[in-house]
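Student: Okay, so here is entry00.csv, and as you'll see once you scroll down, it has CSV, C-alpha atoms.
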```
chain,number,residue,atom,x,y,z
A,1379,MET,CA,0.0,0.0,0.0
A,1380,ASN,CA,1.5,3.3,-1.0
A,1381,THR,CA,1.5,6.4,1.2
A,1382,SER,CA,-1.4,8.2,-0.5
A,1383,SER,CA,-3.6,5.1,-0.5
A,1384,PHE,CA,-2.8,4.6,3.1
A,1385,LEU,CA,-3.7,8.2,3.9
A,1386,ARG,CA,-7.0,8.0,1.9
A,1387,LEU,CA,-8.0,4.8,3.8
A,1388,ASN,CA,-7.2,6.4,7.1
A,1389,PHE,CA,-9.2,9.5,6.2
A,1390,PHE,CA,-12.2,7.5,5.1
A,1391,LEU,CA,-12.1,5.4,8.2
A,1392,ILE,CA,-11.8,8.5,10.4
A,1393,MET,CA,-14.7,10.2,8.7
A,1394,ALA,CA,-16.9,7.0,8.9
A,1395,SER,CA,-16.1,6.6,12.5
A,1396,PHE,CA,-16.9,10.2,13.5
A,1397,SER,CA,-20.0,10.3,11.4
A,1398,LEU,CA,-21.2,7.3,13.4
A,1399,PHE,CA,-20.3,9.0,16.7
A,1400,ILE,CA,-22.1,12.1,15.7
A,1401,SER,CA,-25.2,10.2,14.6
A,1402,LEU,CA,-25.2,8.4,17.9
A,1403,CYS,CA,-25.0,11.7,19.8
A,1404,SER,CA,-27.9,13.2,17.8
A,1405,THR,CA,-30.2,10.3,18.7
A,1406,VAL,CA,-29.8,9.7,22.4
A,1407,TYR,CA,-29.0,12.1,25.2
A,1408,ALA,CA,-27.4,11.7,28.7
A,1409,ASP,CA,-28.8,12.9,32.0
A,1410,GLY,CA,-25.7,14.3,33.6
A,1411,VAL,CA,-23.6,17.4,33.1
A,1412,VAL,CA,-22.6,17.5,29.4
A,1413,VAL,CA,-20.1,20.3,29.5
A,1414,ASP,CA,-17.0,19.0,31.2
A,1415,LYS,CA,-13.4,18.6,30.2
A,1416,VAL,CA,-12.2,17.5,26.8
A,1417,TYR,CA,-9.6,14.8,27.5
A,1418,HIS,CA,-6.3,14.4,25.8
A,1419,PRO,CA,-5.2,10.8,25.0
A,1420,TYR,CA,-1.9,11.1,26.8
A,1421,VAL,CA,-0.4,9.7,30.0
A,1422,LEU,CA,3.0,10.4,31.5
A,1423,PRO,CA,4.7,8.0,33.9
A,1424,ASN,CA,5.4,9.3,37.4
A,1425,GLU,CA,2.6,11.8,37.0
A,1426,ARG,CA,0.6,12.8,40.1
A,1427,GLU,CA,-2.0,15.5,40.1
A,1428,VAL,CA,-4.7,17.2,42.1
A,1429,GLU,CA,-7.6,18.8,40.3
A,1430,TRP,CA,-10.5,21.1,40.9
A,1431,ARG,CA,-13.3,21.8,38.4
A,1432,LEU,CA,-16.2,24.1,38.6
A,1433,PHE,CA,-19.3,24.2,36.3
A,1434,SER,CA,-21.9,26.9,36.6
A,1435,HIS,CA,-25.0,26.6,34.3
A,1436,LYS,CA,-27.1,29.7,34.0
A,1437,GLU,CA,-30.6,29.0,32.8
A,1438,SER,CA,-32.9,32.0,33.0
A,1439,GLU,CA,-33.3,32.5,36.8
A,1440,ASN,CA,-31.7,29.3,37.9
A,1441,ASN,CA,-28.0,28.7,38.3
A,1442,LYS,CA,-26.8,25.1,38.6
A,1443,LEU,CA,-23.5,24.7,40.3
A,1444,ALA,CA,-21.2,21.6,40.4
A,1445,GLN,CA,-17.7,21.1,41.6
A,1446,ARG,CA,-15.2,18.3,41.5
A,1447,ILE,CA,-12.0,17.7,43.3
A,1448,ALA,CA,-9.8,14.8,42.3
A,1449,TYR,CA,-6.5,13.1,42.9
A,1450,GLY,CA,-4.8,11.2,40.0
A,1451,GLN,CA,-1.7,9.2,39.6
A,1452,SER,CA,-0.2,7.2,36.7
A,1453,VAL,CA,0.1,3.6,37.7
A,1454,THR,CA,2.0,2.4,34.6
A,1455,GLU,CA,3.7,4.2,31.6
A,1456,ASN,CA,0.3,4.5,29.8
A,1457,LEU,CA,-2.4,4.2,32.4
A,1458,MET,CA,-3.6,6.9,34.8
A,1459,LEU,CA,-6.2,6.5,37.6
A,1460,GLU,CA,-8.1,9.4,39.0
A,1461,LEU,CA,-10.5,9.5,42.0
A,1462,TYR,CA,-13.2,12.2,42.0
A,1463,LEU,CA,-15.5,13.7,44.7
A,1464,VAL,CA,-18.4,15.4,43.1
A,1465,GLY,CA,-20.4,18.1,44.8
A,1466,GLU,CA,-23.6,19.9,43.6
A,1467,ARG,CA,-25.9,22.6,44.8
A,1468,ASP,CA,-29.4,21.3,45.3
A,1469,VAL,CA,-32.8,23.1,44.9
A,1470,ASN,CA,-32.5,24.5,48.4
A,1471,ASN,CA,-29.2,26.1,47.5
A,1472,ASP,CA,-27.3,23.7,49.8
A,1473,PHE,CA,-24.0,22.5,48.4
A,1474,SER,CA,-23.1,18.9,49.3
A,1475,LEU,CA,-21.2,15.9,48.2
A,1476,THR,CA,-23.3,13.9,45.8
A,1477,SER,CA,-21.2,11.2,44.2
A,1478,TYR,CA,-17.8,9.4,43.9
A,1479,GLU,CA,-16.1,8.5,40.7
A,1480,LEU,CA,-13.1,6.5,39.6
A,1481,GLU,CA,-11.6,7.2,36.2
A,1482,ALA,CA,-9.0,5.3,34.1
A,1483,ARG,CA,-7.3,7.0,31.2
A,1484,TRP,CA,-5.3,4.6,28.9
A,1485,MET,CA,-2.9,5.9,26.3
A,1486,LEU,CA,-3.0,3.5,23.3
A,1487,THR,CA,-0.6,5.0,20.9
A,1488,GLU,CA,2.6,7.0,21.1
A,1489,GLN,CA,2.2,10.7,20.5
A,1490,GLY,CA,2.9,11.5,16.8
A,1491,GLU,CA,3.5,7.9,15.8
A,1492,TYR,CA,0.4,7.5,13.7
A,1493,TRP,CA,-1.9,9.7,11.7
A,1494,ALA,CA,-3.7,10.6,15.0
A,1495,ASP,CA,-3.1,9.8,18.7
A,1496,TRP,CA,-5.5,7.4,20.4
A,1497,GLY,CA,-6.6,6.7,24.0
A,1498,LEU,CA,-9.5,5.2,25.9
A,1499,LEU,CA,-11.3,6.4,29.0
A,1500,PHE,CA,-13.3,4.4,31.5
A,1501,GLU,CA,-15.3,5.8,34.4
A,1502,ILE,CA,-17.5,4.4,37.1
A,1503,GLU,CA,-19.6,6.7,39.3
A,1504,LYS,CA,-21.9,6.1,42.2
A,1505,GLU,CA,-24.3,8.5,43.9
A,1506,LYS,CA,-23.5,8.9,47.6
A,1507,GLN,CA,-27.1,8.7,49.0
A,1508,LYS,CA,-28.8,6.5,46.3
A,1509,GLN,CA,-28.0,3.2,44.7
A,1510,ASN,CA,-27.5,4.8,41.3
A,1511,TRP,CA,-24.5,3.9,39.1
A,1512,GLU,CA,-23.1,5.1,35.9
A,1513,VAL,CA,-20.4,3.5,33.7
A,1514,THR,CA,-18.7,5.4,30.9
A,1515,SER,CA,-16.4,4.2,28.2
A,1516,GLY,CA,-15.0,6.4,25.6
A,1517,VAL,CA,-12.5,7.0,22.8
A,1518,LEU,CA,-10.1,9.9,22.9
A,1519,VAL,CA,-8.4,11.1,19.7
A,1520,GLU,CA,-6.0,14.0,19.1
A,1521,LYS,CA,-4.6,15.2,15.8
A,1522,GLU,CA,-2.0,17.9,15.4
A,1523,PHE,CA,-2.1,20.4,12.6
A,1524,GLY,CA,1.0,22.5,12.9
A,1525,ARG,CA,0.5,24.7,15.9
A,1526,THR,CA,-3.1,23.7,16.3
A,1527,SER,CA,-4.5,20.5,17.8
A,1528,LEU,CA,-8.0,18.9,17.3
A,1529,THR,CA,-9.2,16.8,20.2
A,1530,LEU,CA,-12.3,14.6,20.0
A,1531,ASN,CA,-14.0,12.6,22.8
A,1532,ALA,CA,-16.9,10.2,22.1
A,1533,PHE,CA,-18.5,8.4,25.1
A,1534,ILE,CA,-21.1,5.7,25.6
A,1535,ILE,CA,-22.6,5.7,29.1
A,1536,TYR,CA,-24.8,3.2,30.8
A,1537,GLU,CA,-26.6,4.1,34.0
A,1538,TRP,CA,-28.9,2.2,36.3
A,1539,GLY,CA,-30.2,2.4,39.8
A,1540,ASN,CA,-33.1,2.6,42.2
A,1541,THR,CA,-34.3,6.1,41.2
A,1542,ILE,CA,-33.2,6.3,37.6
A,1543,VAL,CA,-34.3,4.5,34.4
A,1544,SER,CA,-31.6,2.1,33.1
A,1545,GLU,CA,-30.4,3.4,29.7
A,1546,PHE,CA,-27.6,3.9,27.3
A,1547,GLU,CA,-26.6,7.5,26.6
A,1548,THR,CA,-23.9,9.1,24.5
A,1549,GLU,CA,-21.8,12.3,24.6
A,1550,PHE,CA,-19.5,14.0,22.2
A,1551,ARG,CA,-16.8,16.6,22.9
A,1552,LEU,CA,-14.5,18.6,20.6
A,1553,LYS,CA,-11.7,21.0,21.2
A,1554,TYR,CA,-9.7,22.9,18.6
A,1555,ARG,CA,-6.8,24.5,20.3
A,1556,TYR,CA,-4.1,27.0,19.1
A,1557,ARG,CA,-0.9,26.5,20.9
A,1558,TYR,CA,-0.1,30.3,20.9
A,1559,LEU,CA,2.0,30.5,24.2
A,1560,GLU,CA,2.6,27.9,26.8
A,1561,GLN,CA,0.7,30.1,29.3
A,1562,PHE,CA,-2.1,31.0,27.0
A,1563,GLN,CA,-3.8,28.8,24.4
A,1564,PRO,CA,-7.2,29.8,23.0
A,1565,ALA,CA,-9.6,27.1,21.8
A,1566,ILE,CA,-13.1,26.5,20.6
A,1567,GLU,CA,-15.1,23.7,22.4
A,1568,LEU,CA,-18.2,21.9,21.4
A,1569,TYR,CA,-20.3,19.6,23.6
A,1570,SER,CA,-23.2,17.4,22.6
A,1571,GLY,CA,-25.5,15.2,24.7
A,1572,GLU,CA,-28.3,15.4,27.3
A,1573,ASN,CA,-30.7,17.4,25.1
A,1574,TYR,CA,-27.8,19.8,24.8
A,1575,LEU,CA,-25.6,21.2,22.0
A,1576,GLY,CA,-23.3,23.9,23.1
A,1577,ILE,CA,-20.3,25.7,21.6
A,1578,GLY,CA,-18.0,28.4,22.9
A,1579,PRO,CA,-14.6,29.8,23.5
A,1580,ALA,CA,-12.1,28.4,25.9
A,1581,PHE,CA,-8.7,29.4,27.1
A,1582,MET,CA,-6.0,27.3,28.8
A,1583,GLY,CA,-2.4,27.3,29.7
A,1584,LEU,CA,0.2,26.1,32.0
A,1585,GLN,CA,2.9,27.5,34.3
A,1586,ARG,CA,6.0,25.3,35.0
A,1587,PHE,CA,7.8,25.1,38.2
A,1588,SER,CA,10.9,23.1,39.1
A,1589,ASN,CA,11.1,19.2,39.0
A,1590,GLN,CA,8.1,18.3,36.8
A,1591,LYS,CA,5.7,20.5,38.9
A,1592,GLN,CA,3.3,22.5,36.9
A,1593,LEU,CA,0.0,24.3,37.2
A,1594,LYS,CA,-2.6,23.9,34.3
A,1595,TRP,CA,-5.6,26.0,34.0
A,1596,GLU,CA,-8.7,26.0,31.7
A,1597,LEU,CA,-11.6,28.4,31.4
A,1598,GLY,CA,-14.5,27.9,29.0
A,1599,PHE,CA,-17.8,29.7,28.3
A,1600,ILE,CA,-20.2,27.5,26.4
A,1601,THR,CA,-23.5,28.7,25.0
A,1602,GLY,CA,-26.4,26.5,24.0
A,1603,VAL,CA,-27.0,26.8,20.3
A,1604,ASP,CA,-30.3,25.1,19.6
A,1605,SER,CA,-33.9,25.2,21.0
A,1606,ARG,CA,-33.3,22.4,23.5
A,1607,SER,CA,-30.0,23.9,24.8
A,1608,LYS,CA,-30.7,26.9,27.0
A,1609,GLY,CA,-28.4,29.2,28.9
A,1610,HIS,CA,-24.6,29.4,29.3
A,1611,VAL,CA,-22.1,27.2,31.1
A,1612,LEU,CA,-19.0,28.6,32.7
A,1613,ARG,CA,-16.4,25.9,33.3
A,1614,VAL,CA,-13.1,26.3,35.2
A,1615,ALA,CA,-10.4,23.6,35.8
A,1616,ILE,CA,-7.2,24.0,37.7
A,1617,GLU,CA,-4.8,21.1,37.9
A,1618,TYR,CA,-1.5,20.9,39.8
A,1619,GLU,CA,0.9,18.2,38.7
A,1620,PHE,CA,3.8,17.2,40.9
B,1128,MET,CA,-34.1,-0.7,22.4
B,1129,ILE,CA,-31.0,-1.7,24.4
B,1130,ASN,CA,-30.1,-4.1,21.6
B,1131,ALA,CA,-30.1,-1.3,19.1
B,1132,TYR,CA,-27.7,0.7,21.3
B,1133,LEU,CA,-25.5,-2.4,21.7
B,1134,CYS,CA,-25.3,-2.9,18.0
B,1135,ARG,CA,-24.2,0.7,17.5
B,1136,TYR,CA,-21.6,0.3,20.3
B,1137,ILE,CA,-20.3,-2.8,18.6
B,1138,LYS,CA,-20.0,-1.0,15.3
B,1139,VAL,CA,-18.1,1.9,16.9
B,1140,PHE,CA,-15.8,-0.6,18.6
B,1141,PHE,CA,-15.0,-2.5,15.4
B,1142,ILE,CA,-14.5,0.7,13.4
B,1143,SER,CA,-12.1,1.9,16.1
B,1144,VAL,CA,-10.2,-1.4,15.9
B,1145,LEU,CA,-10.0,-1.1,12.1
B,1146,LEU,CA,-8.6,2.4,12.6
B,1147,LEU,CA,-6.0,1.2,15.0
B,1148,LEU,CA,-5.0,-1.7,12.8
B,1149,SER,CA,-4.7,0.6,9.8
B,1150,PHE,CA,-2.4,2.9,11.7
B,1151,ASN,CA,0.0,0.0,12.2
B,1152,LEU,CA,0.7,0.2,8.4
B,1153,GLN,CA,3.1,3.0,8.9
B,1154,ALA,CA,6.0,3.9,6.7
B,1155,LYS,CA,9.6,3.7,7.9
B,1156,ARG,CA,11.0,6.7,9.7
B,1157,SER,CA,14.4,8.3,9.7
B,1158,GLU,CA,16.0,7.8,13.1
B,1159,TYR,CA,18.1,10.4,15.0
B,1160,HIS,CA,19.9,9.4,18.2
B,1161,ILE,CA,20.4,11.7,21.1
B,1162,ALA,CA,22.2,10.8,24.4
B,1163,ILE,CA,21.7,12.4,27.8
B,1164,LYS,CA,25.0,12.5,29.7
B,1165,ASN,CA,25.6,14.5,32.8
B,1166,HIS,CA,22.3,16.3,32.3
B,1167,LEU,CA,23.2,17.4,28.8
B,1168,PHE,CA,21.8,16.5,25.5
B,1169,GLU,CA,24.4,15.2,23.0
B,1170,PRO,CA,24.1,16.4,20.3
B,1171,ALA,CA,22.2,19.5,21.5
B,1172,LYS,CA,21.3,20.3,17.9
B,1173,ILE,CA,19.5,17.9,15.5
B,1174,VAL,CA,18.9,18.9,11.9
B,1175,ILE,CA,16.0,17.2,10.2
B,1176,PRO,CA,14.3,17.7,6.8
B,1177,ALA,CA,11.1,19.8,6.5
B,1178,ASN,CA,7.7,18.2,6.1
B,1179,THR,CA,8.9,14.8,7.2
B,1180,LYS,CA,8.0,12.8,10.3
B,1181,VAL,CA,11.1,11.4,12.1
B,1182,LYS,CA,11.9,9.3,15.1
B,1183,LEU,CA,14.1,10.6,17.9
B,1184,ILE,CA,15.7,7.9,20.0
B,1185,ILE,CA,16.9,9.3,23.3
B,1186,TYR,CA,19.1,7.3,25.6
B,1187,ASN,CA,19.5,8.4,29.2
B,1188,HIS,CA,23.0,7.5,30.4
B,1189,ASP,CA,22.5,9.3,33.7
B,1190,GLU,CA,21.4,7.7,37.0
B,1191,ASN,CA,18.5,10.2,37.3
B,1192,VAL,CA,15.2,10.3,35.5
B,1193,GLU,CA,14.8,13.0,32.8
B,1194,GLU,CA,11.8,14.4,30.9
B,1195,PHE,CA,12.2,15.5,27.4
B,1196,ASP,CA,9.9,18.5,27.1
B,1197,SER,CA,9.1,20.9,24.3
B,1198,PHE,CA,6.2,23.3,23.8
B,1199,ASP,CA,7.5,24.0,20.3
B,1200,LEU,CA,7.3,20.4,19.3
B,1201,ASN,CA,4.3,19.6,21.5
B,1202,ARG,CA,6.0,16.7,23.1
B,1203,GLU,CA,6.6,15.4,26.6
B,1204,LYS,CA,8.4,12.1,27.4
B,1205,VAL,CA,9.8,10.7,30.5
B,1206,ILE,CA,13.1,8.8,30.1
B,1207,PHE,CA,14.2,6.5,32.9
B,1208,PRO,CA,17.8,6.1,34.0
B,1209,ASN,CA,19.8,3.9,31.6
B,1210,GLN,CA,16.9,3.5,29.3
B,1211,GLN,CA,15.8,4.8,26.0
B,1212,ALA,CA,12.6,6.5,24.8
B,1213,ILE,CA,11.3,7.1,21.3
B,1214,ILE,CA,9.7,10.4,20.3
B,1215,PHE,CA,8.0,11.0,17.0
B,1216,ILE,CA,8.1,14.5,15.7
B,1217,GLY,CA,7.0,16.2,12.5
B,1218,PRO,CA,6.1,16.8,9.8
B,1219,LEU,CA,7.5,20.3,10.6
B,1220,LEU,CA,7.9,23.6,8.8
B,1221,VAL,CA,11.3,25.1,8.4
B,1222,GLY,CA,12.4,26.7,11.6
B,1223,GLU,CA,14.0,26.1,15.0
B,1224,TYR,CA,12.2,24.1,17.8
B,1225,ASN,CA,13.6,24.2,21.3
B,1226,PHE,CA,13.5,21.3,23.8
B,1227,PHE,CA,14.8,20.9,27.3
B,1228,GLY,CA,15.0,18.4,30.2
B,1229,GLU,CA,12.4,19.2,32.7
B,1230,TYR,CA,14.4,18.0,35.7
B,1231,HIS,CA,17.5,19.9,34.6
B,1232,PRO,CA,16.2,22.8,32.5
B,1233,HIS,CA,19.3,25.0,32.9
B,1234,SER,CA,21.8,22.4,31.5
B,1235,ALA,CA,19.7,20.0,29.5
B,1236,ARG,CA,18.7,22.1,26.5
B,1237,GLY,CA,18.7,21.6,22.8
B,1238,LYS,CA,17.0,22.4,19.5
B,1239,VAL,CA,15.7,20.7,16.4
B,1240,ILE,CA,16.5,22.6,13.3
B,1241,VAL,CA,14.3,22.0,10.4
B,1242,ASN,CA,15.5,22.9,6.9
B,1243,ASN,CA,14.9,22.0,3.3
B,1244,ILE,CA,18.0,19.9,2.8
B,1245,GLU,CA,17.2,16.2,2.3
B,1246,ASN,CA,20.2,14.5,3.8
B,1247,VAL,CA,21.1,16.7,6.7
B,1248,ASN,CA,24.1,16.8,9.1
B,1249,ASN,CA,24.9,19.8,11.2
B,1250,GLY,CA,28.7,19.1,11.1
B,1251,GLY,CA,29.7,19.9,14.6
B,1252,THR,CA,27.3,17.5,16.2
B,1253,LYS,CA,26.7,13.8,15.8
B,1254,VAL,CA,23.6,13.0,13.8
B,1255,ILE,CA,23.1,9.4,12.8
B,1256,GLU,CA,20.6,8.8,10.1
B,1257,ILE,CA,19.9,5.1,9.9
B,1258,ASP,CA,17.0,4.8,7.5
B,1259,LYS,CA,16.8,7.1,4.5
B,1260,GLY,CA,13.4,5.5,3.5
B,1261,GLY,CA,11.8,7.8,6.0
B,1262,GLN,CA,12.2,10.7,3.5
B,1263,ASN,CA,8.8,9.8,2.1
B,1264,ALA,CA,7.2,9.2,5.4
B,1265,ASN,CA,4.3,11.2,6.7
```
In structure tokens, write the structure found in this file.
Tutor:
Amino acid sequence: MNTSSFLRLNFFLIMASFSLFISLCSTVYADGVVVDKVYHPYVLPNEREVEWRLFSHKESENNKLAQRIAYGQSVTENLMLELYLVGERDVNNDFSLTSYELEARWMLTEQGEYWADWGLLFEIEKEKQKQNWEVTSGVLVEKEFGRTSLTLNAFIIYEWGNTIVSEFETEFRLKYRYRYLEQFQPAIELYSGENYLGIGPAFMGLQRFSNQKQLKWELGFITGVDSRSKGHVLRVAIEYEF
Amino acid sequence: MINAYLCRYIKVFFISVLLLLSFNLQAKRSEYHIAIKNHLFEPAKIVIPANTKVKLIIYNHDENVEEFDSFDLNREKVIFPNQQAIIFIGPLLVGEYNFFGEYHPHSARGKVIVNNIENVNNGGTKVIEIDKGGQNAN
């Protein structure tokens, strides 16, 4: 197979794959928070991190608030585990711990080795008070175009429990990032799922300290773009690697 | 209803597997070797052709872990003591791309110089090109 045939085959397969992902996302919708983080398919050995994320969803008069704190550690050269505590503000404006989550991120291919970089993500989440569970599996893809990078996440979710209907759901996330400066990288993000389709600007960057320590930050402002997607979502993520 | 979702999931899975298998059909890459000794990259300058994907093989001779890091190249890679790591870079436009060792950023510094010359060697530094078949690689 010559190089051009190989590239054409790869392009066709990529397009077919993501058409399928998008069609899945347009037919079923998830119940949870759709706007979250767009994951990169990379893992570094010896990596440890603590993370804080905030999501504020403004819908007319209401303002939904969720926060996550997490600790993560790479357990092999290409596998990272992260444990989350999820808190949400309820209808009485009380903020409390609502669920726990364990996440595994698996780097499948070496960065830059193939046409695109591939990874997988698995999550299991349990609500604190209720016997409700959620399992997520997803594909993470990143492709570099010069100083820009396109990152795609496609997830299939299954949830079940005492107070929810057992069902499959899907989510799709996209980020197109311009690596302008290490400390400042603008991006466009798109989120689809849970009766929601949103798009908006995001900004991210990192500040290095000595001995592999670094602080990463992300800020996004996502706006619903169709009749079922109301309001705006502000998302913030701060991650300290050490 | 659940069966329909399962069928879609299986389709997605098999397409993903096909994609991964297809990516294994990669072309040969030109190889460039770099050593880390006493927290220095040797050579500190690597000259590679433009618009070509190449393979950097970095051997860490030190007794300490090092991390190859480059915002310009968009690469991070941990290299354990007395072990080697492979980093794929490119295709790149003509220019200079800095890299450094994250654990010794003041001493372990280097750059990748990309130019239009096909068979490149920067003279003063040791560049070993093993496989010229990689000139057509992408």
Student: Which polymer residues have any atom within 9 Å of an atom of A:Leu1499, counting all atoms listed in the file, with same-chain residues fewer than 4 positions away left out, as number ranges by chain?
Tutor: A: 1417, 1419, 1481-1485, 1514-1518, 1533
Student: Provide the atom CA of B:Thr1179 to atom CA of B:Ile1214 distance in Å, to one decimal place.
Tutor: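 Going from atom CA of B:Thr1179 over to atom CA of B:Ile1214 covers 13.8 Å.
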Student: Anything within 9 Å of (-4.2, 12.2, 16.3): list those residues as a list in words, counting all atoms listed in the file and sticking to the file's coordinates.
Tutor: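 Counting all atoms listed in the file, I find these residues within 9 Å of (-4.2, 12.2, 16.3): Pro1419, Gln1489, Gly1490, Glu1491, Tyr1492, Trp1493, Ala1494, Asp1495, Trp1496, Val1519, Glu1520, Lys1521, Glu1522, Ser1527, Leu1528 and Thr1529 of chain A.
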Student: Compute the distance from (-27.4, 25.9, 33.8) to each atom, counting only C-alpha atoms, keep the residues with any atom at most 10 Å away, and return them as a list in words; use the coordinates of the file.
Tutor: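 Residues close enough to count: Val1411, Phe1433, Ser1434, His1435, Lys1436, Glu1437, Ser1438, Glu1439, Asn1440, Asn1441, Lys1442, Leu1443, Gly1602, Ser1607, Lys1608, Gly1609, His1610, Val1611 and Leu1612 of chain A.
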Student: Let me make sure I understand: among B:Ile1185, B:Ile1175, B:Leu1200, B:Ile1163, which one has the smallest atom-to-atom distance to chain A if we use only C-alpha atoms?
Tutor: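 The closest residue to chain A is B:Leu1200.
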Student: Can you measure atom CA of A:Ile1502 to atom CA of A:Tyr1574 for me? One decimal in Å is fine.
Tutor: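 Computed distance, atom CA of A:Ile1502 to atom CA of A:Tyr1574, equals 22.2 Å.
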Student: Excluding A:Glu1512 and any residue of its chain fewer than 3 positions from it, enumerate the residues within 6 Å of it, using only C-alpha atoms, and give them as a list in words.
Tutor: Ile1502, Glu1503, Tyr1536 and Glu1537 of chain A
Student: Please provide as a ChimeraX atom specification all residues within 12 Å of B:Val1239, with the sequence filter that same-chain residues fewer than 6 positions apart are discarded (counting all atoms listed in the file).
Tutor: /B:1159,1161,1168,1170-1177,1181,1183,1197,1199-1200,1216-1217,1219-1227,1247-1249,1254
Student: Output C-alpha atoms for every residue in the selection just made, as a PDB file, in the frame of the given file.
Tutor:
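So result_25.pdb came out as:
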```
ATOM      1  CA  TYR B1159      18.100  10.400  15.000  1.00  0.00           C
ATOM      2  CA  ILE B1161      20.400  11.700  21.100  1.00  0.00           C
ATOM      3  CA  PHE B1168      21.800  16.500  25.500  1.00  0.00           C
ATOM      4  CA  PRO B1170      24.100  16.400  20.300  1.00  0.00           C
ATOM      5  CA  ALA B1171      22.200  19.500  21.500  1.00  0.00           C
ATOM      6  CA  LYS B1172      21.300  20.300  17.900  1.00  0.00           C
ATOM      7  CA  ILE B1173      19.500  17.900  15.500  1.00  0.00           C
ATOM      8  CA  VAL B1174      18.900  18.900  11.900  1.00  0.00           C
ATOM      9  CA  ILE B1175      16.000  17.200  10.200  1.00  0.00           C
ATOM     10  CA  PRO B1176      14.300  17.700   6.800  1.00  0.00           C
ATOM     11  CA  ALA B1177      11.100  19.800   6.500  1.00  0.00           C
ATOM     12  CA  VAL B1181      11.100  11.400  12.100  1.00  0.00           C
ATOM     13  CA  LEU B1183      14.100  10.600  17.900  1.00  0.00           C
ATOM     14  CA  SER B1197       9.100  20.900  24.300  1.00  0.00           C
ATOM     15  CA  ASP B1199       7.500  24.000  20.300  1.00  0.00           C
ATOM     16  CA  LEU B1200       7.300  20.400  19.300  1.00  0.00           C
ATOM     17  CA  ILE B1216       8.100  14.500  15.700  1.00  0.00           C
ATOM     18  CA  GLY B1217       7.000  16.200  12.500  1.00  0.00           C
ATOM     19  CA  LEU B1219       7.500  20.300  10.600  1.00  0.00           C
ATOM     20  CA  LEU B1220       7.900  23.600   8.800  1.00  0.00           C
ATOM     21  CA  VAL B1221      11.300  25.100   8.400  1.00  0.00           C
ATOM     22  CA  GLY B1222      12.400  26.700  11.600  1.00  0.00           C
ATOM     23  CA  GLU B1223      14.000  26.100  15.000  1.00  0.00           C
ATOM     24  CA  TYR B1224      12.200  24.100  17.800  1.00  0.00           C
ATOM     25  CA  ASN B1225      13.600  24.200  21.300  1.00  0.00           C
ATOM     26  CA  PHE B1226      13.500  21.300  23.800  1.00  0.00           C
ATOM     27  CA  PHE B1227      14.800  20.900  27.300  1.00  0.00           C
ATOM     28  CA  VAL B1247      21.100  16.700   6.700  1.00  0.00           C
ATOM     29  CA  ASN B1248      24.100  16.800   9.100  1.00  0.00           C
ATOM     30  CA  ASN B1249      24.900  19.800  11.200  1.00  0.00           C
ATOM     31  CA  VAL B1254      23.600  13.000  13.800  1.00  0.00           C
TER      32      VAL B1254
END
```
Student: Using all atoms listed in the file, can you tell me which of A:Pro1564, A:Gly1465, A:Gly1450, A:Gly1497 comes closest to chain B?
Tutor: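 Of the candidates, the smallest distance to chain B is held by A:Gly1497.
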Student: Can you work out the spacing between atom CA of A:Leu1461 and atom CA of B:Asn1201 in Å, to one decimal?
Tutor: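 Straight-line distance from atom CA of A:Leu1461 to atom CA of B:Asn1201 works out to 27.2 Å.
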Student: Which neighbours of B:Asn1187 fall inside 8 Å, counting all atoms listed in the file, when residues of the same chain fewer than 2 positions from it are skipped, and could you give them as a VMD selection string?
Tutor: chain B and resid 1162 to 1164 1185 1189 1192 to 1193 1206 to 1211
Student: Considering only C-alpha atoms, can you say which of A:Ser1588, A:Asn1510, A:Thr1476, A:Ser1570 comes closest to chain B?
Tutor: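 Residue with the minimum atom-to-atom distance to chain B: A:Ser1588.
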Student: So, with only C-alpha atoms as the atoms that count, which of A:Asn1470, A:Gln1507, A:Gln1592, A:Thr1601 lies closest to chain B?
Tutor: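 The answer is A:Gln1592, which sits nearest to chain B.
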